[in-house]
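Q: The structure follows.
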Amino acid sequence: MARKRRGAAALAIGLGMALAASGCAGGGGKSGGGSADAAVTVTLWENATNGSTGVAYFQNAAQQFEVLHPNVKIQLQTIQNEDLDGKLQTALNADSAPDIFLQRGGGKMEAEVAAGQLQPLRLSAVDQSNVGTAALAGNTIDGRVYAMPLDAQPEGVYYSENLFRQAGIATPPTTIDELETDIEKLKQIGVAPIAVGAKDAWPAAHWYYNFALRECSQTTMTSTAESLAFTDPCWTKAADDLASFLAVGPFQKDFLTTAAQQGAGSSAGLLANHKAAMELMGSWDPGVINSLTANQQPLSDLGWFPFPAVPGGKGSPSAIMGGSDGYSLSKKAPKEALEFLEFLVTKGQQEAYAKAFQSIPVNPEAQEVVTESYNLSALAAFNKAAYSIQYLDTEYGQGVGNAMNTSVVNLMAGKGSAAGIVSASNHAAKG
């Protein structure tokens with residue numbers, strides 16, 4: 001999987017990281033220690049798609065680091081993205097976590113810090129220059145950095161330029177009304193307008209997230225992270241917007257049983273094989289799409305546009321939802337684990353990372369490698385963004401996030417209501 005990055009201003013994305021790493025549980029070396037002579041194993045859990053260039057990147061980076069540090073063995077384990085959070089939480093609670101792991105951020109990271117499960121990253125001036133203060137800010141709690149971001153990940157709508165042309169769509173939509181008009185045009189050429197992997201819940205919920213981003217002010221969204229009280233009318237208005245949008249039939253047949261990223265029949269696979277024209281997703285999506293095309297080559301007509309504006313919304317129409325793939329150290333990780341993270345944000349590694357994940361590297365010196373039109377579009381949108389907000393299941397924590405995600409799917413399945421999304425979120429916050 002991959003995600004998105006750009007210059008310092010755009011990097012102020014708060015961020016939930018999407019490439020988890022894997023490996024055996026526990027720190028291989030002495031807790032917080034290790035020496036130049038003692039053999040040390042560093043375990044890492046990542047969530048790159050099996051067989052993808054992302055997995056190859058981590059393997060190559062580990063091998064290169066091991067050449068520079070002969071006493072260190074980087075032990076990688078790839079875990080399916082939808083399985084990662086549960087397995088990681090179990091490992092953290094059992095005090096058997098990997099040394100390095102993908103950090104979702106937001107309320108999840110705050111809970112891990114409060115439980116004493118993470119160690120702060122003591123970054124050098126060089127590290128801070130390689131990453132940038134804006135990117136680090138999204139991974140900082142009480143003045144301490146708890147995750148090393150590797151990329152910037154603006155979320156938006158990926159689309160097939162060829163299918164848009166076939167449907168007579170000259171430019172991407174900028175408003176929801178325009179999007180709904182384009183949906184009807186795409187139906188006329190016999191393709192699914194939008195693919196969504198509702199089986200995995202979170203991809204479906206991101207439609208509600210983005211309606212909320214447009215309906216709710218920045219102040220409301222950030223203050224809700226503190227209060228976890230979804231009382232502002234904008235939360236219900238966003239749910240009503242989603243219900244109205246569902247009425248136009250935007251998604252593929254059987255979207256409720258479609259996975260997001262596994263196989264040609266997944267939502268990413270439908271876009272990869274021109275069975276669907278669009279998919280709302282994070283910046284890792286191109287890497288997944290490329291692995292699911294018929295020849296496993298990049299989709300040549302892939303484009304990107306930001307979530308459309310919603311009339312009358314209190315949120316900025318330029319605001320972006322997004323995250324970053326960053327990695328944390330568990331409390332027992334040896335010093336070599338931090339050294340590996342430092343290695344991953346050097347210019348050469350960042351360039352290789354960006355190519356492997358089709359993403360925007362966090363290191364400003366490596367951003368010249370970004371040439372794909374969809375990433376350039378995402379970069380431009382981030383540079384213009386008034387602000388960015390983390391994915392809501394990250395921003396508001398796992399308990400609220402899971403309840404919100406489930407209630408959105410219930411609405412899409414006709415088993416719930418728009419008001420039910422807000423009531424479920426409030427109930428989870430109290431529990």
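Chain labels run A, B, ... following the order of the structure tokens; each chain numbers its residues from 1, and ligands are numbered from 1 in the order shown.
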Name the residues of stretch 117-306 of chain A that come out as alpha helix (DSSP H) in a backbone DSSP run; write them as an MDAnalysis selection string.

A: chainID A and resid 125:131 133:137 161:166 176:188 202:215 218:227 233:246 267:272 285:292

Q: For the residues in that selection, give me C-alpha atoms as a PDB file, in the first residue's frame.

A:
```pdb
ATOM      1  CA  ALA A 125      18.716  17.666  14.129  1.00  0.00           C
ATOM      2  CA  VAL A 126      19.355  15.680  10.947  1.00  0.00           C
ATOM      3  CA  ASP A 127      16.278  13.531  11.576  1.00  0.00           C
ATOM      4  CA  GLN A 128      14.142  16.613  12.097  1.00  0.00           C
ATOM      5  CA  SER A 129      15.454  18.153   8.889  1.00  0.00           C
ATOM      6  CA  ASN A 130      14.735  14.949   6.956  1.00  0.00           C
ATOM      7  CA  VAL A 131      11.142  14.856   8.189  1.00  0.00           C
ATOM      8  CA  THR A 133       8.512  20.075  11.815  1.00  0.00           C
ATOM      9  CA  ALA A 134       5.048  20.063  10.241  1.00  0.00           C
ATOM     10  CA  ALA A 135       5.062  16.310   9.669  1.00  0.00           C
ATOM     11  CA  LEU A 136       6.435  15.642  13.130  1.00  0.00           C
ATOM     12  CA  ALA A 137       3.732  17.803  14.704  1.00  0.00           C
ATOM     13  CA  GLU A 161      -9.431   9.352 -17.082  1.00  0.00           C
ATOM     14  CA  ASN A 162     -10.361   7.081 -20.002  1.00  0.00           C
ATOM     15  CA  LEU A 163     -13.741   6.165 -18.533  1.00  0.00           C
ATOM     16  CA  PHE A 164     -14.439   9.806 -17.776  1.00  0.00           C
ATOM     17  CA  ARG A 165     -13.732  10.688 -21.410  1.00  0.00           C
ATOM     18  CA  GLN A 166     -15.932   7.840 -22.650  1.00  0.00           C
ATOM     19  CA  ILE A 176     -21.438  17.032  -4.946  1.00  0.00           C
ATOM     20  CA  ASP A 177     -24.086  18.084  -7.477  1.00  0.00           C
ATOM     21  CA  GLU A 178     -21.535  17.749 -10.267  1.00  0.00           C
ATOM     22  CA  LEU A 179     -20.436  14.366  -8.919  1.00  0.00           C
ATOM     23  CA  GLU A 180     -24.015  13.094  -8.955  1.00  0.00           C
ATOM     24  CA  THR A 181     -24.404  14.289 -12.558  1.00  0.00           C
ATOM     25  CA  ASP A 182     -21.221  12.437 -13.519  1.00  0.00           C
ATOM     26  CA  ILE A 183     -22.490   9.298 -11.801  1.00  0.00           C
ATOM     27  CA  GLU A 184     -25.460   9.213 -14.161  1.00  0.00           C
ATOM     28  CA  LYS A 185     -23.189   9.707 -17.178  1.00  0.00           C
ATOM     29  CA  LEU A 186     -20.992   6.802 -16.120  1.00  0.00           C
ATOM     30  CA  LYS A 187     -23.984   4.530 -15.688  1.00  0.00           C
ATOM     31  CA  GLN A 188     -24.846   5.205 -19.322  1.00  0.00           C
ATOM     32  CA  TRP A 202     -13.722   1.640   6.941  1.00  0.00           C
ATOM     33  CA  PRO A 203     -13.715   2.395   3.170  1.00  0.00           C
ATOM     34  CA  ALA A 204     -17.475   2.934   3.314  1.00  0.00           C
ATOM     35  CA  ALA A 205     -17.172   5.049   6.454  1.00  0.00           C
ATOM     36  CA  HIS A 206     -14.739   7.394   4.720  1.00  0.00           C
ATOM     37  CA  TRP A 207     -17.655   8.727   2.709  1.00  0.00           C
ATOM     38  CA  TYR A 208     -19.234   9.898   5.954  1.00  0.00           C
ATOM     39  CA  TYR A 209     -15.877  11.229   7.166  1.00  0.00           C
ATOM     40  CA  ASN A 210     -15.531  13.447   4.127  1.00  0.00           C
ATOM     41  CA  PHE A 211     -19.081  14.716   4.245  1.00  0.00           C
ATOM     42  CA  ALA A 212     -18.361  15.648   7.879  1.00  0.00           C
ATOM     43  CA  LEU A 213     -15.138  17.370   6.780  1.00  0.00           C
ATOM     44  CA  ARG A 214     -17.229  19.594   4.515  1.00  0.00           C
ATOM     45  CA  GLU A 215     -20.178  20.127   6.892  1.00  0.00           C
ATOM     46  CA  GLN A 218     -12.351  22.923  11.779  1.00  0.00           C
ATOM     47  CA  THR A 219     -13.066  24.086  15.338  1.00  0.00           C
ATOM     48  CA  THR A 220     -15.891  21.581  15.716  1.00  0.00           C
ATOM     49  CA  MET A 221     -13.861  18.679  14.374  1.00  0.00           C
ATOM     50  CA  THR A 222     -10.849  19.367  16.575  1.00  0.00           C
ATOM     51  CA  SER A 223     -12.856  20.140  19.712  1.00  0.00           C
ATOM     52  CA  THR A 224     -14.792  16.922  19.267  1.00  0.00           C
ATOM     53  CA  ALA A 225     -11.507  15.049  19.608  1.00  0.00           C
ATOM     54  CA  GLU A 226     -11.355  16.403  23.156  1.00  0.00           C
ATOM     55  CA  SER A 227     -15.020  16.093  24.150  1.00  0.00           C
ATOM     56  CA  PRO A 233     -25.832  19.657  14.086  1.00  0.00           C
ATOM     57  CA  CYS A 234     -23.153  19.281  11.401  1.00  0.00           C
ATOM     58  CA  TRP A 235     -22.621  15.628  12.350  1.00  0.00           C
ATOM     59  CA  THR A 236     -26.239  14.822  11.616  1.00  0.00           C
ATOM     60  CA  LYS A 237     -26.183  16.994   8.493  1.00  0.00           C
ATOM     61  CA  ALA A 238     -23.205  14.988   7.190  1.00  0.00           C
ATOM     62  CA  ALA A 239     -25.125  11.757   7.762  1.00  0.00           C
ATOM     63  CA  ASP A 240     -28.130  13.200   5.933  1.00  0.00           C
ATOM     64  CA  ASP A 241     -25.828  14.159   3.051  1.00  0.00           C
ATOM     65  CA  LEU A 242     -24.595  10.572   2.862  1.00  0.00           C
ATOM     66  CA  ALA A 243     -28.143   9.207   2.889  1.00  0.00           C
ATOM     67  CA  SER A 244     -29.095  11.538   0.032  1.00  0.00           C
ATOM     68  CA  PHE A 245     -25.993  10.540  -1.903  1.00  0.00           C
ATOM     69  CA  LEU A 246     -26.822   6.851  -1.507  1.00  0.00           C
ATOM     70  CA  SER A 267     -12.891  -2.100  -4.986  1.00  0.00           C
ATOM     71  CA  ALA A 268      -9.299  -1.292  -5.940  1.00  0.00           C
ATOM     72  CA  GLY A 269      -9.372  -4.175  -8.418  1.00  0.00           C
ATOM     73  CA  LEU A 270     -12.549  -2.870 -10.048  1.00  0.00           C
ATOM     74  CA  LEU A 271     -10.859   0.468 -10.729  1.00  0.00           C
ATOM     75  CA  ALA A 272      -7.640  -1.274 -11.791  1.00  0.00           C
ATOM     76  CA  ASP A 285      -4.307   3.225  -3.386  1.00  0.00           C
ATOM     77  CA  PRO A 286      -2.178   3.531  -6.559  1.00  0.00           C
ATOM     78  CA  GLY A 287       0.220   0.906  -5.257  1.00  0.00           C
ATOM     79  CA  VAL A 288      -2.661  -1.472  -4.579  1.00  0.00           C
ATOM     80  CA  ILE A 289      -4.289  -0.689  -7.935  1.00  0.00           C
ATOM     81  CA  ASN A 290      -1.048  -1.328  -9.808  1.00  0.00           C
ATOM     82  CA  SER A 291      -0.723  -4.766  -8.233  1.00  0.00           C
ATOM     83  CA  LEU A 292      -4.228  -5.657  -9.424  1.00  0.00           C
TER      84      LEU A 292
END
```

Q: So which one's closest to A:Ser423, A:Leu88, A:Ala403, A:Ala333, A:Met321? Using only C-alpha atoms, please.

A: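 Checking each of A:Leu88, A:Ala403, A:Ala333, A:Met321 against A:Ser423, counting only C-alpha atoms, the winner is A:Ala403.
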
Q: Please compute the atom CA of A:Ala147-atom CA of A:Gln367 distance, one decimal, in Å.

A: 20.4 Å

Q: How would you write, as JSON, numbers by chain, the set of residues in stretch 142-382 of chain A that DSSP gives as strand (DSSP E)?

A: {"A": [144, 145, 148, 149, 151, 152, 153, 154, 156, 157, 158, 159, 160, 192, 193, 194, 276, 277, 278, 279, 280, 281, 302, 303, 304, 305, 320, 321, 322, 323, 326, 327, 328, 329, 360, 361]}

Q: Could you please take those selected residues and save C-alpha atoms as a short mmCIF file (atom, residue, chain, number, x, y, z; two decimals), in the first residue's frame?

A:
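The resulting file, selection-v9.cif, is shown below:
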```cif
data_model
loop_
_atom_site.label_atom_id
_atom_site.label_comp_id
_atom_site.auth_asym_id
_atom_site.auth_seq_id
_atom_site.Cartn_x
_atom_site.Cartn_y
_atom_site.Cartn_z
CA ARG A 144 7.43 14.24 22.43
CA VAL A 145 7.48 12.53 19.05
CA MET A 148 8.40 8.56 12.45
CA PRO A 149 6.31 9.58 9.42
CA ASP A 151 5.04 9.92 3.70
CA ALA A 152 2.15 12.35 3.42
CA GLN A 153 -1.25 10.92 2.54
CA PRO A 154 -4.00 13.20 1.30
CA GLY A 156 -9.20 11.91 -2.43
CA VAL A 157 -11.01 10.28 -5.33
CA TYR A 158 -8.93 8.19 -7.72
CA TYR A 159 -10.51 7.85 -11.16
CA SER A 160 -10.05 6.51 -14.67
CA ALA A 192 -19.97 1.20 -11.91
CA PRO A 193 -19.51 4.91 -11.15
CA ILE A 194 -17.80 4.39 -7.79
CA ALA A 276 -15.51 1.05 -11.98
CA ALA A 277 -14.60 4.65 -12.66
CA MET A 278 -13.79 6.00 -9.18
CA GLU A 279 -12.73 5.08 -5.66
CA LEU A 280 -12.43 7.30 -2.58
CA MET A 281 -9.23 6.22 -0.88
CA LEU A 302 -5.21 7.09 -13.21
CA GLY A 303 -6.20 10.54 -12.02
CA TRP A 304 -7.07 12.16 -8.66
CA PHE A 305 -9.34 14.92 -7.41
CA ILE A 320 -8.19 17.66 3.20
CA MET A 321 -8.57 14.47 5.15
CA GLY A 322 -5.46 12.37 5.37
CA GLY A 323 -2.78 10.72 7.33
CA GLY A 326 4.54 6.43 10.31
CA TYR A 327 6.15 3.93 12.61
CA SER A 328 6.39 3.77 16.39
CA LEU A 329 8.74 1.97 18.74
CA ILE A 360 4.75 11.43 -1.65
CA PRO A 361 7.87 11.12 0.52
#
```

Q: Rounded to one decimal, what separation in Å do you get between atom CA of A:Ala259 and atom CA of A:Pro298?

A: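 Going from atom CA of A:Ala259 over to atom CA of A:Pro298 covers 20.6 Å.
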
Q: So, with only C-alpha atoms as the atoms that count, which of A:Gln117, A:Asn363, A:Asn81, A:Thr43 lies closest to A:Asp95?

A: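 Result for the nearest residue to A:Asp95: A:Gln117.
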
Q: Please determine, counting only C-alpha atoms, which residue among A:Gln75, A:Thr346, A:Thr53, A:Thr394 has the shortest atom-to-atom distance to A:Ser359.

A: A:Thr53

Q: Looking at only C-alpha atoms, which of A:Tyr146, A:Gly414, A:Pro98, A:Ala386 is the one that sits closest to A:Glu112?

A: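 For A:Glu112, the nearest of the given residues is A:Tyr146.
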